[in-house]
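Trainee: File query39.cif follows (mmCIF, C-alpha atoms):
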data_coords
#
loop_
_atom_site.label_atom_id
_atom_site.label_comp_id
_atom_site.auth_asym_id
_atom_site.auth_seq_id
_atom_site.Cartn_x
_atom_site.Cartn_y
_atom_site.Cartn_z
CA MET A 16 29.95 -9.51 -26.17
CA ILE A 17 26.18 -9.73 -26.55
CA ARG A 18 24.18 -9.79 -23.33
CA ASN A 19 20.68 -10.99 -22.72
CA THR A 20 18.52 -7.87 -22.61
CA LYS A 21 15.29 -9.64 -21.78
CA GLY A 22 15.74 -8.82 -18.07
CA GLY A 23 16.58 -5.22 -18.94
CA ARG A 24 13.38 -4.84 -20.94
CA TRP A 25 11.36 -6.31 -18.08
CA ILE A 26 12.84 -3.86 -15.59
CA PHE A 27 12.22 -0.95 -17.99
CA THR A 28 8.59 -2.04 -18.42
CA VAL A 29 8.07 -2.25 -14.65
CA LEU A 30 9.67 1.16 -14.08
CA ALA A 31 7.61 2.77 -16.85
CA ALA A 32 4.38 1.31 -15.46
CA SER A 33 5.29 2.48 -11.94
CA ALA A 34 5.99 5.99 -13.20
CA ALA A 35 2.65 6.10 -15.01
CA LEU A 36 0.77 4.94 -11.92
CA THR A 37 2.59 7.38 -9.66
CA ALA A 38 1.98 10.27 -12.04
CA GLY A 39 -1.72 9.44 -11.97
CA CYS A 40 -1.78 9.77 -8.16
CA VAL A 41 0.01 13.11 -7.93
CA ARG A 42 -2.33 16.07 -8.03
CA SER A 43 -1.27 19.62 -8.57
CA VAL A 44 -2.03 21.99 -5.71
CA ASP A 45 -2.73 25.65 -6.39
CA ALA A 46 -2.02 27.97 -3.45
CA ASP A 47 -5.01 30.12 -4.40
CA ASP A 48 -7.32 27.14 -3.81
CA LEU A 49 -6.03 26.43 -0.29
CA PRO A 50 -7.82 29.11 1.80
CA GLY A 51 -11.01 27.81 3.38
CA VAL A 52 -12.29 25.63 6.17
CA TYR A 53 -11.36 21.94 6.35
CA ARG A 54 -13.16 19.58 8.72
CA ASN A 55 -12.98 15.96 9.82
CA SER A 56 -16.60 14.80 10.10
CA ASP A 57 -15.73 11.99 12.54
CA THR A 58 -13.84 14.05 15.12
CA GLY A 59 -15.13 17.57 14.44
CA ALA A 60 -11.53 18.79 14.12
CA GLU A 61 -11.18 21.86 11.95
CA VAL A 62 -8.47 23.82 10.15
CA ALA A 63 -9.26 27.27 8.76
CA LEU A 64 -6.70 28.70 6.32
CA GLY A 65 -7.35 32.41 5.82
CA SER A 66 -6.64 34.16 2.54
CA ASP A 67 -4.62 36.66 4.61
CA GLY A 68 -2.08 33.97 5.58
CA THR A 69 -3.47 33.30 9.05
CA PHE A 70 -4.87 30.02 10.33
CA THR A 71 -6.78 28.53 13.24
CA VAL A 72 -6.89 24.88 14.24
CA THR A 73 -9.58 23.62 16.62
CA GLY A 74 -10.16 20.23 18.15
CA VAL A 75 -7.00 18.49 16.93
CA SER A 76 -4.99 16.41 19.40
CA PRO A 77 -1.20 16.69 19.60
CA ASP A 78 -1.00 12.97 18.76
CA GLU A 79 -2.69 13.77 15.44
CA TYR A 80 -0.52 16.70 14.39
CA ILE A 81 2.91 15.90 15.89
CA GLY A 82 2.61 12.30 17.08
CA VAL A 83 3.13 13.01 20.80
CA GLY A 84 1.50 15.03 23.55
CA GLY A 85 -1.78 13.27 24.15
CA THR A 86 -5.20 12.68 22.69
CA ASP A 87 -7.00 15.65 24.26
CA PRO A 88 -8.01 18.12 21.53
CA VAL A 89 -6.30 21.51 21.55
CA ASP A 90 -6.67 24.73 19.61
CA PHE A 91 -3.89 26.82 18.10
CA SER A 92 -3.39 29.62 15.61
CA GLY A 93 -0.76 31.52 13.70
CA ARG A 94 0.37 32.06 10.12
CA TRP A 95 0.53 29.61 7.21
CA GLU A 96 2.77 29.39 4.16
CA PHE A 97 2.48 27.13 1.12
CA LEU A 98 5.90 25.61 0.38
CA ASP A 99 4.98 24.27 -3.08
CA ASP A 100 7.00 21.06 -3.37
CA ARG A 101 10.21 22.53 -1.87
CA ALA A 102 10.51 19.55 0.50
CA GLY A 103 9.68 16.79 -1.97
CA SER A 104 5.92 17.23 -1.61
CA ASP A 105 3.49 20.11 -1.31
CA VAL A 106 3.39 21.33 2.28
CA VAL A 107 1.46 23.99 4.13
CA TYR A 108 3.70 25.08 6.99
CA LEU A 109 1.78 26.32 10.02
CA THR A 110 3.83 28.65 12.24
CA VAL A 111 2.16 28.40 15.63
CA ASP A 112 1.80 31.68 17.52
CA ALA A 113 -0.67 30.71 20.21
CA GLY A 114 -2.03 27.50 21.74
CA GLY A 115 -1.19 23.91 20.89
CA VAL A 116 1.72 22.19 22.55
CA ASP A 117 4.22 24.69 23.96
CA ARG A 118 7.31 22.90 22.67
CA ILE A 119 6.54 23.33 18.97
CA GLY A 120 7.00 26.28 16.67
CA GLY A 121 5.43 24.84 13.56
CA VAL A 122 3.41 22.01 12.07
CA GLN A 123 3.26 20.56 8.58
CA LEU A 124 -0.07 20.10 6.83
CA TYR A 125 -0.15 18.22 3.53
CA PRO A 126 -2.67 19.20 0.83
CA THR A 127 -3.73 16.29 -1.37
CA GLY A 128 -4.99 18.34 -4.30
CA ASP A 129 -8.54 16.99 -4.06
CA GLY A 130 -10.02 19.31 -1.44
CA GLN A 131 -8.36 17.58 1.48
CA VAL A 132 -5.47 18.29 3.81
CA GLU A 133 -3.71 15.78 6.06
CA PHE A 134 -1.68 15.79 9.23
CA ILE A 135 1.00 13.10 9.03
CA ALA A 136 2.54 12.65 12.47
CA ASP A 137 4.68 9.67 11.40
CA PRO A 138 6.20 9.84 7.90
CA ASP A 139 6.24 6.04 7.71
CA ALA A 140 2.53 5.70 8.53
CA PRO A 141 -0.71 6.72 6.87
CA PRO A 142 -2.11 10.19 7.64
CA SER A 143 -3.03 10.63 11.29
CA LEU A 144 -5.92 12.98 10.43
CA THR A 145 -7.56 13.88 7.13
CA LEU A 146 -9.77 16.95 6.81
CA THR A 147 -12.05 17.79 3.86
CA LYS A 148 -12.79 21.28 2.61
CA VAL A 149 -16.25 22.43 3.59
CA ASP A 150 -18.47 23.46 0.68
CA GLY A 151 -18.67 27.17 0.23
CA SER A 152 -15.39 27.88 2.02
#
Would you mind writing the structure in this file as structure tokens?

Mentor:
Amino acid sequence: MIRNTKGGRWIFTVLAASAALTAGCVRSVDADDLPGVYRNSDTGAEVALGSDGTFTVTGVSPDEYIGVGGTDPVDFSGRWEFLDDRAGSDVVYLTVDAGGVDRIGGVQLYPTGDGQVEFIADPDAPPSLTLTKVDGS
């Protein structure tokens, strides 16, 4: 039996175009490029990723990094680890040692590959806070 493949070709074309567009948006992240200071110019929030694996976060509200806890900025610090696409996307995992909201042990920070990192409090929403790497850091 011969079937009409016109619909099949259309679907293939749409899928191929989608894959090409998606591939154009994905940027490779190199762990060696991550250390530095990232800042949001609107809020003054800052994330410093040290080359020694430590981090400090200043002026970021719990609502921005975990989606609950309030809008008052807090500071926290600890150790960071680059998870390199192990969870479906590149993630910098921040293990919180001091500060922040007491009920958390870690926070995810998403590098975009273009000198920015993002906190995404709600996975179904746009980033809750984007920070750009400061020149010279």

Trainee: Between A:Val72, A:Thr127, A:Ser92, A:Ser66, which has the minimum distance to Arg54 in chain A (counting only C-alpha atoms)?

Mentor: A:Val72

Trainee: Produce the centre coordinates and the three edge lengths, each in Å to one decimal, of the box along x, y and z that contains all listed atoms of range 79-85 of chain A with 4 Å added on each side, as AutoDock Vina command-line options.

Mentor:
--center_x 0.2 --center_y 14.5 --center_z 19.3 --size_x 13.8 --size_y 12.4 --size_z 17.8

Trainee: Find the residue from A:Asp150, A:Asp87, A:Tyr80, A:Pro138 that sits nearest to Gln123 in chain A; use all atoms listed in the file when measuring.

Mentor: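 For Gln123 in chain A, the nearest of the candidates is A:Tyr80.
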
Trainee: Name every residue that the PyMOL selection byres ((chain A and resi 45) around 10) selects in this structure, writing the answer as a list of chain:residue names with chains first and numbers rising.

Mentor: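 So the PyMOL selection byres ((chain A and resi 45) around 10) ends up selecting A:Arg42, A:Ser43, A:Val44, A:Ala46, A:Asp47, A:Asp48, A:Leu49, A:Phe97, A:Asp99, A:Asp105, A:Pro126, A:Gly128.
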
Trainee: Please compute the CA of Leu109 in chain A-CA of Gly93 in chain A distance, one decimal, in Å.

Mentor: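 If I compute the distance from CA of Leu109 in chain A to CA of Gly93 in chain A, I get 6.9 Å.
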
Trainee: Considering only C-alpha atoms, state which residue in the set A:Arg94, A:Gly120, A:Pro77, A:Pro88 is at the smallest distance from Gly59 in chain A.

Mentor: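 Residue with the minimum atom-to-atom distance to Gly59 in chain A: A:Pro88.
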
Trainee: Considering all atoms listed in the file, return as a PDB file with C-alpha atoms, in the coordinates of the input whatever protein or nucleic-acid residues lie within 7 Å of Leu64 in chain A, sequence-local ones (same chain, fewer than 4 positions apart) excluded.

Mentor:
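Written output follows (out-v2.pdb):
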ATOM      1  CA  PRO A  50      -7.820  29.110   1.800  1.00  0.00           C
ATOM      2  CA  GLY A  51     -11.010  27.810   3.380  1.00  0.00           C
ATOM      3  CA  VAL A  52     -12.290  25.630   6.170  1.00  0.00           C
ATOM      4  CA  THR A  69      -3.470  33.300   9.050  1.00  0.00           C
ATOM      5  CA  PHE A  70      -4.870  30.020  10.330  1.00  0.00           C
ATOM      6  CA  THR A  71      -6.780  28.530  13.240  1.00  0.00           C
TER       7      THR A  71
END

Trainee: CA of Thr147 in chain A and CA of Ala60 in chain A, how far apart in Å?

Mentor: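 For CA of Ala60 in chain A relative to CA of Thr147 in chain A, the distance reads 10.3 Å.
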
Trainee: Name the residues captured by the PyMOL selection byres ((chain A and resi 124) around 8) when it is applied to the shown file; answer as a list of chain:residue names.

Mentor: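 Listing what the PyMOL selection byres ((chain A and resi 124) around 8) selects in the shown file: A:Val106, A:Val107, A:Tyr108, A:Leu109, A:Val122, A:Gln123, A:Tyr125, A:Pro126, A:Val132, A:Glu133, A:Phe134, A:Ile135.
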
Trainee: From the list A:Glu61, A:Asp78, A:Glu96, A:Asp67, which residue is nearest Gly121 in chain A when using all atoms listed in the file?

Mentor: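 Nearest to Gly121 in chain A: A:Glu96.
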
Trainee: Select, from A:Asp90, A:Gly130, A:Pro142, A:Glu79, the residue with the minimum atom-to-atom distance to Asp112 in chain A, counting all atoms listed in the file.

Mentor: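 The closest residue to Asp112 in chain A is A:Asp90.
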
Trainee: In Å, with one decimal, what is the gap from CA of Val89 in chain A to CA of Ala140 in chain A?

Mentor: 22.3 Å

Trainee: Given the choices A:Gln131, A:Thr86, A:Ile119, A:Gly68, which gets closest to Val149 in chain A if the distance is worked out from only C-alpha atoms?

Mentor: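 Of A:Gln131, A:Thr86, A:Ile119, A:Gly68, the one nearest Val149 in chain A, counting only C-alpha atoms, is A:Gln131.
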
Trainee: What would the selection look like, as a list in words, if the PyMOL selection byres ((chain A and resi 116) around 10) were run on the coordinates I just shared?

Mentor: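 Selected by the PyMOL selection byres ((chain A and resi 116) around 10) here: Ser76, Pro77, Ile81, Val83, Gly84, Gly85, Val89, Asp90, Phe91, Val111, Ala113, Gly114, Gly115, Asp117, Arg118, Ile119 and Gly120 of chain A.
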